[in-house]
Every structure is written in structure tokens, then in C-alpha cells.
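> Below is input_15.pdb; it holds PDB, C-alpha atoms.
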```pdb
ATOM      1  CA  MET A 109       0.000   0.000   0.000
ATOM      2  CA  LYS A 110       1.302   3.447  -0.915
ATOM      3  CA  TYR A 111       1.047   6.251   1.592
ATOM      4  CA  THR A 112       2.908   9.379   2.582
ATOM      5  CA  ILE A 113       3.739  10.772   5.995
ATOM      6  CA  ARG A 114       3.283  14.543   6.145
ATOM      7  CA  LYS A 115       2.635  17.367   8.600
ATOM      8  CA  ALA A 116      -1.043  17.786   9.348
ATOM      9  CA  ASN A 117      -2.907  20.981   8.556
ATOM     10  CA  ARG A 118      -6.275  22.384   9.630
ATOM     11  CA  LYS A 119      -8.094  20.580   6.814
ATOM     12  CA  ASP A 120      -7.008  17.322   8.451
ATOM     13  CA  TYR A 121      -8.570  18.080  11.850
ATOM     14  CA  PRO A 122     -11.878  16.274  11.173
ATOM     15  CA  ALA A 123      -9.976  13.130  10.121
ATOM     16  CA  ILE A 124      -7.593  13.449  13.082
ATOM     17  CA  LEU A 125     -10.518  13.805  15.479
ATOM     18  CA  GLY A 126     -12.047  10.722  13.865
ATOM     19  CA  LEU A 127      -8.835   8.785  14.579
ATOM     20  CA  ILE A 128      -8.805  10.092  18.162
ATOM     21  CA  LYS A 129     -12.368   8.808  18.626
ATOM     22  CA  GLU A 130     -11.465   5.477  17.008
ATOM     23  CA  LEU A 131      -8.552   5.131  19.441
ATOM     24  CA  ALA A 132     -10.838   6.022  22.361
ATOM     25  CA  ALA A 133     -13.297   3.338  21.236
ATOM     26  CA  TYR A 134     -10.464   0.787  21.126
ATOM     27  CA  GLU A 135      -9.535   1.841  24.667
ATOM     28  CA  GLU A 136     -13.213   1.672  25.739
ATOM     29  CA  ALA A 137     -13.076   5.346  26.702
ATOM     30  CA  GLU A 138     -15.216   7.106  24.070
ATOM     31  CA  HIS A 139     -17.042   9.009  26.806
ATOM     32  CA  LYS A 140     -13.786  10.763  27.755
ATOM     33  CA  VAL A 141     -13.311  12.513  24.392
ATOM     34  CA  ILE A 142     -14.474  16.112  24.789
ATOM     35  CA  ASN A 143     -12.278  17.546  22.040
ATOM     36  CA  SER A 144     -13.739  19.010  18.845
ATOM     37  CA  VAL A 145     -12.497  20.386  15.546
ATOM     38  CA  GLU A 146     -13.289  23.860  16.864
ATOM     39  CA  LYS A 147     -11.139  23.277  19.976
ATOM     40  CA  MET A 148      -8.337  21.942  17.828
ATOM     41  CA  GLU A 149      -8.470  25.047  15.640
ATOM     42  CA  ALA A 150      -8.473  27.355  18.676
ATOM     43  CA  GLU A 151      -5.606  25.498  20.342
ATOM     44  CA  ASP A 152      -3.485  24.421  17.390
ATOM     45  CA  ASP A 153      -0.493  26.391  18.613
ATOM     46  CA  LEU A 154      -0.219  23.803  21.429
ATOM     47  CA  PHE A 155       0.287  20.657  19.343
ATOM     48  CA  GLU A 156       1.733  19.314  16.132
ATOM     49  CA  CYS A 157       0.772  16.245  14.171
ATOM     50  CA  PHE A 158       1.968  13.986  11.390
ATOM     51  CA  VAL A 159      -0.565  12.058   9.352
ATOM     52  CA  ALA A 160      -0.285   9.012   7.133
ATOM     53  CA  GLU A 161      -2.239   9.632   3.940
ATOM     54  CA  LYS A 162      -3.111   7.125   1.249
ATOM     55  CA  ALA A 163      -2.849   8.093  -2.409
ATOM     56  CA  ASP A 164      -6.632   8.639  -2.495
ATOM     57  CA  GLY A 165      -6.393  11.240   0.299
ATOM     58  CA  GLU A 166      -7.677   9.059   3.149
ATOM     59  CA  ILE A 167      -5.942   9.747   6.468
ATOM     60  CA  VAL A 168      -5.170   6.311   7.952
ATOM     61  CA  GLY A 169      -2.822   7.138  10.815
ATOM     62  CA  MET A 170      -1.484   9.939  12.953
ATOM     63  CA  ALA A 171       1.088  10.909  15.549
ATOM     64  CA  LEU A 172       0.018  13.922  17.608
ATOM     65  CA  TYR A 173       2.741  15.455  19.781
ATOM     66  CA  TYR A 174       3.971  18.537  21.587
ATOM     67  CA  PHE A 175       7.125  19.838  23.225
ATOM     68  CA  THR A 176       7.386  19.887  26.995
ATOM     69  CA  TYR A 177       9.916  20.280  29.759
ATOM     70  CA  TYR A 178      10.760  17.718  32.425
ATOM     71  CA  THR A 179      12.810  18.784  35.437
ATOM     72  CA  TRP A 180      14.981  15.668  35.391
ATOM     73  CA  VAL A 181      15.943  15.752  31.703
ATOM     74  CA  GLY A 182      14.930  19.140  30.272
ATOM     75  CA  LYS A 183      13.465  19.666  26.810
ATOM     76  CA  SER A 184      11.377  16.717  25.672
ATOM     77  CA  LEU A 185       8.899  15.694  23.038
ATOM     78  CA  TYR A 186       5.666  14.086  24.214
ATOM     79  CA  LEU A 187       3.735  11.797  21.884
ATOM     80  CA  ASP A 188       0.113  12.081  22.967
ATOM     81  CA  ASP A 189      -1.414   9.697  20.443
ATOM     82  CA  LEU A 190      -0.044   7.292  17.866
ATOM     83  CA  PHE A 191      -2.805   5.529  15.988
ATOM     84  CA  VAL A 192      -3.209   3.612  12.744
ATOM     85  CA  LYS A 193      -6.554   2.312  11.537
ATOM     86  CA  GLU A 194      -6.706  -1.404  12.208
ATOM     87  CA  ILE A 195      -7.081  -2.476   8.580
ATOM     88  CA  TYR A 196      -3.866  -0.630   7.658
ATOM     89  CA  ARG A 197      -1.663  -2.015  10.429
ATOM     90  CA  GLY A 198       1.248  -4.150   9.277
ATOM     91  CA  ASN A 199       2.272  -1.646   6.575
ATOM     92  CA  HIS A 200       4.980   0.012   8.747
ATOM     93  CA  ILE A 201       2.826   3.136   9.131
ATOM     94  CA  GLY A 202       3.205   3.273  12.920
ATOM     95  CA  GLN A 203       6.938   2.681  12.667
ATOM     96  CA  ASN A 204       7.309   5.425  10.032
ATOM     97  CA  LEU A 205       5.240   7.874  12.080
ATOM     98  CA  LEU A 206       7.433   7.154  15.100
ATOM     99  CA  GLN A 207      10.562   7.583  12.985
ATOM    100  CA  LYS A 208       9.346  11.082  12.075
ATOM    101  CA  LEU A 209       9.109  11.858  15.782
ATOM    102  CA  PHE A 210      12.558  10.371  16.436
ATOM    103  CA  ASP A 211      13.874  12.671  13.699
ATOM    104  CA  ILE A 212      12.099  15.742  15.141
ATOM    105  CA  ALA A 213      13.398  14.944  18.628
ATOM    106  CA  LYS A 214      16.964  14.725  17.292
ATOM    107  CA  GLU A 215      16.675  17.843  15.112
ATOM    108  CA  THR A 216      15.292  19.926  17.983
ATOM    109  CA  LYS A 217      17.773  18.552  20.523
ATOM    110  CA  CYS A 218      15.202  16.952  22.804
ATOM    111  CA  ASN A 219      16.605  14.924  25.665
ATOM    112  CA  ARG A 220      13.702  12.500  25.688
ATOM    113  CA  LEU A 221      10.701  11.342  23.699
ATOM    114  CA  ARG A 222       7.956  10.058  25.971
ATOM    115  CA  TRP A 223       4.516   8.500  25.568
ATOM    116  CA  GLN A 224       2.184   6.121  27.354
ATOM    117  CA  VAL A 225       0.746   2.729  26.553
ATOM    118  CA  LEU A 226      -2.059   0.948  28.366
ATOM    119  CA  ASN A 227      -0.821  -2.037  30.368
ATOM    120  CA  TRP A 228      -3.279  -4.365  28.594
ATOM    121  CA  ASN A 229      -2.372  -3.257  25.047
ATOM    122  CA  GLU A 230      -0.052  -6.190  24.315
ATOM    123  CA  PRO A 231       0.268  -5.569  20.541
ATOM    124  CA  ALA A 232       1.457  -1.997  21.162
ATOM    125  CA  ILE A 233       3.780  -3.054  23.994
ATOM    126  CA  LYS A 234       5.403  -5.711  21.796
ATOM    127  CA  PHE A 235       5.735  -3.200  18.949
ATOM    128  CA  TYR A 236       7.449  -0.663  21.231
ATOM    129  CA  GLU A 237       9.716  -3.269  22.829
ATOM    130  CA  LYS A 238      10.921  -4.321  19.353
ATOM    131  CA  LEU A 239      12.026  -0.716  18.864
ATOM    132  CA  GLY A 240      14.069  -0.816  22.071
ATOM    133  CA  VAL A 241      11.711   1.403  24.086
ATOM    134  CA  THR A 242      11.902   1.314  27.890
ATOM    135  CA  ILE A 243       8.454   0.805  29.404
ATOM    136  CA  ASP A 244       8.228   2.174  32.948
ATOM    137  CA  LYS A 245       5.673   0.254  34.999
ATOM    138  CA  GLU A 246       6.229   2.219  38.184
ATOM    139  CA  TRP A 247       4.315   5.492  37.650
ATOM    140  CA  TYR A 248       0.570   6.167  37.723
ATOM    141  CA  ASN A 249      -1.202   8.925  35.783
ATOM    142  CA  CYS A 250      -2.866  11.713  37.761
ATOM    143  CA  ASP A 251      -5.596  13.698  35.998
ATOM    144  CA  ILE A 252      -8.089  16.332  37.072
ATOM    145  CA  LEU A 253     -10.578  17.804  34.630
ATOM    146  CA  ALA A 254     -11.212  21.542  34.380
ATOM    147  CA  GLU A 255     -14.669  21.307  35.983
ATOM    148  CA  ASN A 256     -13.044  19.910  39.136
ATOM    149  CA  ILE A 257     -10.322  22.522  39.491
TER     150      ILE A 257
END
```
If you took the structure in this file and wrote it as C-alpha cells, what would it be?

Amino acid sequence: MKYTIRKANRKDYPAILGLIKELAAYEEAEHKVINSVEKMEAEDDLFECFVAEKADGEIVGMALYYFTYYTWVGKSLYLDDLFVKEIYRGNHIGQNLLQKLFDIAKETKCNRLRWQVLNWNEPAIKFYEKLGVTIDKEWYNCDILAENI
């Protein structure tokens, strides 16, 4: 299958949001998605994204990320979501999207690239381990939504 990896633009936001919702469904967390195309447009200075696009224009994968700072290591790149539609997995799309992020992290002199994976997502864990990723099983996530602040 032929596809290209490119930087996302505003025209891609509906497709990206669709992938975000598809990922949430896979994670059985659809009810947690409160994002919208309008929010993405208003906040697009806070994130960047690569998309995998088939020759016919269909967006079949994405890697949404942003730069952050961690006190222990300094400048870092955080991958918020990496997702490829199930029927297109096995075509190296996820690996090529990650390679783009590896390249960005190197080019921008990041000290770390970080992301999360659910402890039950064995296919993703195996994929990451093949790439030599260290999976830290010690830390828990702490979240509080705006309405509770």
C-alpha cells in the first residue's frame, strides 16, 4: 500500500478527530473525548501532528505530539497519540510515524521522547519493545478535569 507521511494541517482536523475517537473506542473510553475540531483550531499552537495519507487522500494514521519540559531531563517531546486504523496495520505506518518523531526529537535537541501505553495493550507493547523502548511500569497517571479545578 502506498502512503505518505506529512505534517497535518487544519483541513485534516476532522480526520484526526475521527482517529482520536477510534482510538478512544479501542480503549473503551469514548465518553472521555471532549475535544472538537473547533477546539483543535483554537488550540493548534499547542500541538503538532503527522498524518499518514493514502494516495486517495484518506488519512489512515497519525502521531500527535507537543514539546514539553521535564525537570529531570529538560526539553522533551511528548507523543500524545499514535494511531493507525486497524485495517492498515502491518504496513509500517506506525513505525514510520514514530521515525518522524525520532527525527524531530533529534533535530530539535530533545533529551527525551515520551509517551504512554495501556498495560493491557499487548500488541502496542510488543511493537514498542521491538524498537528498544523502555516501558516504565512504576508510575501512575494523575488527571483532574477543568470542571473539578
> Residues within 10 Å of stretch 187-198 of chain A, please, as a VMD selection string. Count all atoms listed in the file; anything in the same chain fewer than 6 positions from it doesn't count.
chain A and resid 109 124 127 to 128 130 to 131 134 155 to 160 167 to 175 205 to 206 209 221 to 225 232
> Could you tell me which of A:Arg220, A:Arg118, A:Lys162, A:Lys234 comes closest to A:Asn199 if we count all atoms listed in the file?
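Among the listed residues, the smallest separation from A:Asn199 belongs to A:Lys162.
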> Show me, as a ChimeraX atom specification, the residues that have an atom within 8 Å of A:Lys183 when counting all atoms listed in the file, minus same-chain residues fewer than 3 positions from it.
/A:175-178,217-220
> Quick one: pull the distance between atom CA of A:Ala137 and atom CA of A:Leu253, Å, one decimal.
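These two atoms are separated by 15.0 Å.
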> Point out the residue among A:Ser144, A:Asn117, A:Asn256, A:Gln203 with the least atom-to-atom distance to A:Tyr236, counting only C-alpha atoms.
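Under the stated criterion, the closest residue is A:Gln203.
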> If you count all atoms listed in the file, which residues fall within 12 Å of A:Pro122, apart from same-chain ones fewer than 6 positions away, as a ChimeraX atom specification?
/A:116,128-129,143-149,166-167
> Looking at A:Ile252, A:Val181, A:Gly202, A:Glu136, which one is nearest to A:Leu226, with distances taken over only C-alpha atoms?
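Once distances to A:Leu226 are computed over only C-alpha atoms, the minimum belongs to A:Glu136.
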> Could you work out how far atom CA of A:Trp228 lies from atom CA of A:Gly240, giving the answer in Å with one decimal?
18.9 Å
> Please indicate the distance in Å from atom CA of A:Gly126 to atom CA of A:Ile212, rounded to one decimal place.
24.7 Å
> So, with all atoms listed in the file as the atoms that count, which of A:Asp153, A:Asn227, A:Ile113, A:His200 lies closest to A:Trp247?
A:Asn227
